[in-house]
>>> print(open('upload-v5.pdb').read())   # PDB, C-alpha atoms
MODEL        1
ATOM      1  CA  MET A   1      92.470  53.027-134.553
ATOM      2  CA  ALA A   2      92.270  52.081-130.898
ATOM      3  CA  GLY A   3      94.830  49.640-129.608
ATOM      4  CA  SER A   4      98.532  49.067-129.991
ATOM      5  CA  ARG A   5     100.673  48.884-133.099
ATOM      6  CA  ARG A   6     104.007  47.157-133.400
ATOM      7  CA  LYS A   7     106.180  47.364-136.490
ATOM      8  CA  SER A   8     107.215  44.055-137.985
ATOM      9  CA  PRO A   9     110.573  43.889-139.814
ATOM     10  CA  GLY A  10     109.602  40.668-141.552
ATOM     11  CA  ILE A  11     107.118  37.890-141.008
ATOM     12  CA  THR A  12     106.614  34.340-142.198
ATOM     13  CA  PRO A  13     103.356  32.385-142.479
ATOM     14  CA  ASP A  14     104.197  30.518-139.257
ATOM     15  CA  ILE A  15     104.808  33.775-137.402
ATOM     16  CA  LEU A  16     101.531  35.089-138.797
ATOM     17  CA  LEU A  17      99.605  32.121-137.428
ATOM     18  CA  ARG A  18     101.320  32.516-134.061
ATOM     19  CA  ALA A  19     100.286  36.180-134.033
ATOM     20  CA  TYR A  20      96.633  35.290-134.640
ATOM     21  CA  SER A  21      96.783  32.772-131.797
ATOM     22  CA  ILE A  22      97.728  35.541-129.318
ATOM     23  CA  GLY A  23      95.393  38.247-130.604
ATOM     24  CA  LEU A  24      97.467  40.142-133.159
ATOM     25  CA  PHE A  25      96.838  40.690-136.855
ATOM     26  CA  PRO A  26      98.836  42.543-139.546
ATOM     27  CA  MET A  27      97.975  45.621-141.596
ATOM     28  CA  ALA A  28      99.773  48.044-143.888
ATOM     29  CA  GLU A  29      99.220  51.794-144.119
ATOM     30  CA  SER A  30      98.462  51.454-147.830
ATOM     31  CA  ALA A  31      98.861  49.113-150.783
ATOM     32  CA  ASP A  32     102.069  50.956-151.766
ATOM     33  CA  ASP A  33     103.634  50.863-148.301
ATOM     34  CA  PRO A  34     105.884  47.789-147.988
ATOM     35  CA  GLU A  35     105.883  47.900-144.174
ATOM     36  CA  ILE A  36     103.536  45.816-142.058
ATOM     37  CA  PHE A  37     102.574  46.463-138.456
ATOM     38  CA  TRP A  38     100.814  44.350-135.856
ATOM     39  CA  VAL A  39      97.462  45.524-134.533
ATOM     40  CA  GLU A  40      95.917  44.641-131.176
ATOM     41  CA  PRO A  41      92.695  46.649-130.661
ATOM     42  CA  GLU A  42      91.519  47.582-127.181
ATOM     43  CA  LEU A  43      88.018  46.678-128.378
ATOM     44  CA  ARG A  44      87.793  43.655-130.650
ATOM     45  CA  GLY A  45      85.016  43.063-133.152
ATOM     46  CA  VAL A  46      83.283  39.706-132.719
ATOM     47  CA  LEU A  47      80.188  38.267-134.394
ATOM     48  CA  PRO A  48      78.572  35.873-131.872
ATOM     49  CA  PHE A  49      76.848  32.979-133.622
ATOM     50  CA  ASP A  50      73.897  33.061-131.231
ATOM     51  CA  HIS A  51      73.304  36.759-131.982
ATOM     52  CA  PHE A  52      73.731  36.537-135.749
ATOM     53  CA  HIS A  53      70.898  38.469-137.365
ATOM     54  CA  VAL A  54      69.753  38.404-140.984
ATOM     55  CA  SER A  55      67.083  40.847-142.135
ATOM     56  CA  LYS A  56      63.863  39.489-143.617
ATOM     57  CA  SER A  57      64.674  41.038-146.986
ATOM     58  CA  LEU A  58      68.105  39.398-147.067
ATOM     59  CA  VAL A  59      66.612  36.040-146.048
ATOM     60  CA  LYS A  60      64.311  36.293-149.075
ATOM     61  CA  THR A  61      67.249  37.169-151.327
ATOM     62  CA  VAL A  62      69.335  34.251-150.041
ATOM     63  CA  ARG A  63      66.456  31.852-150.714
ATOM     64  CA  LYS A  64      66.287  33.039-154.335
ATOM     65  CA  LYS A  65      69.920  31.915-154.773
ATOM     66  CA  PRO A  66      70.957  34.774-157.085
ATOM     67  CA  PHE A  67      74.587  33.595-157.088
ATOM     68  CA  GLU A  68      76.477  30.328-157.110
ATOM     69  CA  ILE A  69      78.363  30.101-153.815
ATOM     70  CA  ARG A  70      81.793  28.490-153.867
ATOM     71  CA  PHE A  71      84.361  27.941-151.143
ATOM     72  CA  ASP A  72      88.143  28.130-151.616
ATOM     73  CA  HIS A  73      87.792  28.177-155.393
ATOM     74  CA  ALA A  74      89.641  31.400-156.353
ATOM     75  CA  PHE A  75      91.607  32.687-153.381
ATOM     76  CA  ASP A  76      93.988  34.971-155.276
ATOM     77  CA  GLN A  77      91.087  36.547-157.186
ATOM     78  CA  VAL A  78      89.206  37.251-153.971
ATOM     79  CA  ILE A  79      92.101  38.905-152.144
ATOM     80  CA  ALA A  80      92.941  40.910-155.281
ATOM     81  CA  ALA A  81      89.344  42.142-155.455
ATOM     82  CA  CYS A  82      89.418  43.047-151.750
ATOM     83  CA  ALA A  83      92.578  45.078-152.407
ATOM     84  CA  GLU A  84      91.083  47.058-155.301
ATOM     85  CA  GLU A  85      90.474  50.754-154.863
ATOM     86  CA  THR A  86      86.836  51.695-155.432
ATOM     87  CA  SER A  87      84.757  54.846-155.163
ATOM     88  CA  GLY A  88      83.605  53.738-151.728
ATOM     89  CA  ARG A  89      87.071  52.552-150.699
ATOM     90  CA  PRO A  90      89.734  54.881-152.144
ATOM     91  CA  SER A  91      92.604  53.178-150.279
ATOM     92  CA  THR A  92      93.424  49.714-148.986
ATOM     93  CA  TRP A  93      95.619  48.205-146.273
ATOM     94  CA  ILE A  94      96.268  45.065-148.350
ATOM     95  CA  ASN A  95      99.769  45.333-149.838
ATOM     96  CA  LYS A  96     101.788  42.852-151.887
ATOM     97  CA  THR A  97     103.397  41.311-148.801
ATOM     98  CA  ILE A  98     100.031  40.600-147.208
ATOM     99  CA  ARG A  99      98.694  39.124-150.441
ATOM    100  CA  SER A 100     101.695  36.819-150.702
ATOM    101  CA  LEU A 101     101.523  35.719-147.053
ATOM    102  CA  TYR A 102      97.823  34.897-147.153
ATOM    103  CA  SER A 103      98.188  33.058-150.434
ATOM    104  CA  THR A 104     100.714  30.822-148.667
ATOM    105  CA  LEU A 105      98.314  30.389-145.747
ATOM    106  CA  PHE A 106      95.713  29.265-148.271
ATOM    107  CA  ASP A 107      98.115  26.627-149.582
ATOM    108  CA  MET A 108      98.660  25.533-145.950
ATOM    109  CA  GLY A 109      94.913  25.164-145.343
ATOM    110  CA  HIS A 110      94.626  28.141-142.989
ATOM    111  CA  ALA A 111      93.154  30.823-145.280
ATOM    112  CA  HIS A 112      89.774  30.475-146.927
ATOM    113  CA  THR A 113      87.247  32.185-149.142
ATOM    114  CA  VAL A 114      83.509  32.323-149.623
ATOM    115  CA  GLU A 115      82.717  33.423-153.170
ATOM    116  CA  ALA A 116      79.639  34.605-155.086
ATOM    117  CA  TRP A 117      79.683  33.771-158.791
ATOM    118  CA  GLU A 118      77.439  34.931-161.601
ATOM    119  CA  GLY A 119      78.220  32.500-164.376
ATOM    120  CA  ASN A 120      81.982  32.697-164.838
ATOM    121  CA  GLU A 121      82.256  36.084-163.137
ATOM    122  CA  LEU A 122      83.317  36.539-159.524
ATOM    123  CA  VAL A 123      80.936  39.199-158.183
ATOM    124  CA  GLY A 124      81.522  39.109-154.431
ATOM    125  CA  GLY A 125      83.384  37.350-151.691
ATOM    126  CA  LEU A 126      85.305  37.390-148.465
ATOM    127  CA  TYR A 127      88.432  35.797-147.060
ATOM    128  CA  GLY A 128      89.823  35.015-143.649
ATOM    129  CA  VAL A 129      92.015  32.749-141.558
ATOM    130  CA  SER A 130      91.038  29.623-139.634
ATOM    131  CA  LEU A 131      92.974  28.399-136.624
ATOM    132  CA  GLY A 132      91.729  26.059-133.920
ATOM    133  CA  SER A 133      87.990  26.719-133.678
ATOM    134  CA  ALA A 134      88.346  30.399-134.646
ATOM    135  CA  PHE A 135      87.792  32.136-137.955
ATOM    136  CA  PHE A 136      89.365  35.557-138.382
ATOM    137  CA  GLY A 137      87.542  37.565-141.027
ATOM    138  CA  GLU A 138      89.859  39.790-143.036
ATOM    139  CA  SER A 139      88.049  41.576-145.851
ATOM    140  CA  MET A 140      85.124  41.366-148.253
ATOM    141  CA  PHE A 141      84.053  42.920-151.546
ATOM    142  CA  SER A 142      80.896  43.176-153.601
ATOM    143  CA  ARG A 143      80.295  43.903-157.278
ATOM    144  CA  ARG A 144      76.582  43.101-157.128
ATOM    145  CA  THR A 145      73.899  44.089-154.637
ATOM    146  CA  ASP A 146      74.048  41.907-151.494
ATOM    147  CA  ALA A 147      76.814  39.655-152.873
ATOM    148  CA  SER A 148      79.156  40.052-149.892
ATOM    149  CA  LYS A 149      76.229  39.889-147.440
ATOM    150  CA  ILE A 150      75.141  36.568-148.908
ATOM    151  CA  CYS A 151      78.710  35.288-148.608
ATOM    152  CA  LEU A 152      78.706  36.255-144.922
ATOM    153  CA  VAL A 153      75.464  34.332-144.365
ATOM    154  CA  HIS A 154      77.015  31.251-145.961
ATOM    155  CA  LEU A 155      80.200  31.706-143.928
ATOM    156  CA  VAL A 156      78.318  31.759-140.621
ATOM    157  CA  ASP A 157      76.260  28.723-141.633
ATOM    158  CA  ARG A 158      79.413  26.796-142.529
ATOM    159  CA  LEU A 159      81.242  27.753-139.331
ATOM    160  CA  ARG A 160      78.286  26.765-137.184
ATOM    161  CA  LYS A 161      77.954  23.372-138.837
ATOM    162  CA  ARG A 162      81.653  22.634-138.434
ATOM    163  CA  GLY A 163      81.847  23.507-134.760
ATOM    164  CA  PHE A 164      83.673  26.843-134.821
ATOM    165  CA  THR A 165      83.309  28.884-131.623
ATOM    166  CA  LEU A 166      84.707  32.313-132.577
ATOM    167  CA  LEU A 167      84.125  34.594-135.557
ATOM    168  CA  ASP A 168      86.527  37.514-135.208
ATOM    169  CA  THR A 169      85.749  40.600-137.326
ATOM    170  CA  GLN A 170      88.725  42.593-135.940
ATOM    171  CA  PHE A 171      86.708  45.821-135.821
ATOM    172  CA  THR A 172      82.995  46.526-135.966
ATOM    173  CA  THR A 173      81.361  48.645-138.650
ATOM    174  CA  GLU A 174      77.784  49.838-138.935
ATOM    175  CA  HIS A 175      77.391  47.245-141.678
ATOM    176  CA  LEU A 176      78.588  44.385-139.446
ATOM    177  CA  LYS A 177      76.549  45.623-136.496
ATOM    178  CA  THR A 178      73.363  45.041-138.497
ATOM    179  CA  PHE A 179      74.333  41.346-138.452
ATOM    180  CA  GLY A 180      74.929  41.358-134.696
ATOM    181  CA  ALA A 181      78.641  42.183-134.454
ATOM    182  CA  ILE A 182      79.743  43.586-131.095
ATOM    183  CA  ASP A 183      82.845  45.123-129.536
ATOM    184  CA  VAL A 184      84.404  43.168-126.683
ATOM    185  CA  PRO A 185      87.196  44.363-124.353
ATOM    186  CA  LYS A 186      90.657  42.939-124.930
ATOM    187  CA  ALA A 187      90.528  40.769-121.790
ATOM    188  CA  ASP A 188      87.200  39.206-122.773
ATOM    189  CA  TYR A 189      88.455  38.579-126.273
ATOM    190  CA  ALA A 190      91.595  36.927-124.891
ATOM    191  CA  ALA A 191      89.426  34.442-123.003
ATOM    192  CA  MET A 192      87.406  33.637-126.143
ATOM    193  CA  LEU A 193      90.601  33.247-128.137
ATOM    194  CA  THR A 194      92.240  30.975-125.565
ATOM    195  CA  GLU A 195      89.241  28.653-125.664
ATOM    196  CA  ALA A 196      89.308  28.583-129.466
ATOM    197  CA  MET A 197      93.045  27.858-129.549
ATOM    198  CA  GLU A 198      92.610  24.905-127.185
ATOM    199  CA  SER A 199      90.479  23.218-129.831
ATOM    200  CA  PRO A 200      91.991  20.965-132.486
ATOM    201  CA  HIS A 201      92.289  22.790-135.801
ATOM    202  CA  LEU A 202      88.866  22.420-137.422
ATOM    203  CA  GLN A 203      88.278  21.624-141.070
ATOM    204  CA  PHE A 204      86.801  24.628-142.867
TER     205      PHE A 204
ENDMDL
END
>>> encode(input="upload-v5.pdb", output="structure tokens")
Amino acid sequence: MAGSRRKSPGITPDILLRAYSIGLFPMAESADDPEIFWVEPELRGVLPFDHFHVSKSLVKTVRKKPFEIRFDHAFDQVIAACAEETSGRPSTWINKTIRSLYSTLFDMGHAHTVEAWEGNELVGGLYGVSLGSAFFGESMFSRRTDASKICLVHLVDRLRKRGFTLLDTQFTTEHLKTFGAIDVPKADYAAMLTEAMESPHLQF
């Protein structure tokens, strides 16, 4: 993992928000590891709104509305699902401390979810943190084909409509690159972040 790591002896929700505002975010080595460290990548993943790309096949799927999309309806369920070990994700960096902190951020209006529902069943979703005009994506999960992808499409649409200027993905993956995610150097990211932090806190 490129970038610096700094151990954190203990953090509060306010400290967590301050960390996001200066380019840091927390992770744990595993779900069973109680320690949290700060991460500041040399290359930061960003999904520029003007380069957001959705494949033709996904556009068709979105139009069919296979799921009911909800926002901020079941935060604890979403973060719990993101923390689950699966065949494709045998370990997770989301420990109990992180789950508790972000649940408090949700109560404060700074953490949010986009959720895909099939009847009464949560089948996909994502969560992240909003601050100023920035949204910091944290994690996503999918229990049905394209569920998390559809949630990402709805997230970008919502952020655009509400005037957000920065969608931070922390790192890029091949999956995110298909949507237009790019790596930006730390200095360039700092400039984007500064601009976003100068904005009033936007309503998600």
>>> resolve_selection(input="upload-v5.pdb", expression="the PyMOL selection byres ((chain A and resi 74) around 10)", output="list in words")
Arg70, Phe71, Asp72, His73, Phe75, Asp76, Gln77, Val78, Ile79, His112, Thr113, Val114, Glu115, Leu122 and Gly125 of chain A
>>> write_last_selection(input="upload-v5.pdb", atoms="C-alpha atoms", output="CSV table (one decimal), in the frame of the given file")
chain,number,residue,atom,x,y,z
A,70,ARG,CA,81.8,28.5,-153.9
A,71,PHE,CA,84.4,27.9,-151.1
A,72,ASP,CA,88.1,28.1,-151.6
A,73,HIS,CA,87.8,28.2,-155.4
A,75,PHE,CA,91.6,32.7,-153.4
A,76,ASP,CA,94.0,35.0,-155.3
A,77,GLN,CA,91.1,36.5,-157.2
A,78,VAL,CA,89.2,37.3,-154.0
A,79,ILE,CA,92.1,38.9,-152.1
A,112,HIS,CA,89.8,30.5,-146.9
A,113,THR,CA,87.2,32.2,-149.1
A,114,VAL,CA,83.5,32.3,-149.6
A,115,GLU,CA,82.7,33.4,-153.2
A,122,LEU,CA,83.3,36.5,-159.5
A,125,GLY,CA,83.4,37.4,-151.7
>>> atom_distance(input="upload-v5.pdb", atom1="atom CA of Glu84 of chain A", atom2="atom CA of Ala31 of chain A")
9.2 Å
>>> closest_residue(input="upload-v5.pdb", among="A:Gly163, A:Gly124, A:Pro13, A:Gly132", to="Tyr102 of chain A", atoms="only C-alpha atoms")
A:Pro13
>>> atom_distance(input="upload-v5.pdb", atom1="atom CA of Asp33 of chain A", atom2="atom CA of Thr173 of chain A")
24.4 Å
>>> closest_residue(input="upload-v5.pdb", among="A:Leu105, A:Cys82, A:Ala181, A:Met192", to="Arg143 of chain A", atoms="only C-alpha atoms")
A:Cys82
>>> closest_residue(input="upload-v5.pdb", among="A:Leu159, A:Gly109, A:Thr169, A:Ile150", to="Lys60 of chain A", atoms="all atoms listed in the file")
A:Ile150
>>> atom_distance(input="upload-v5.pdb", atom1="atom CA of His201 of chain A", atom2="atom CA of Gln170 of chain A")
20.1 Å
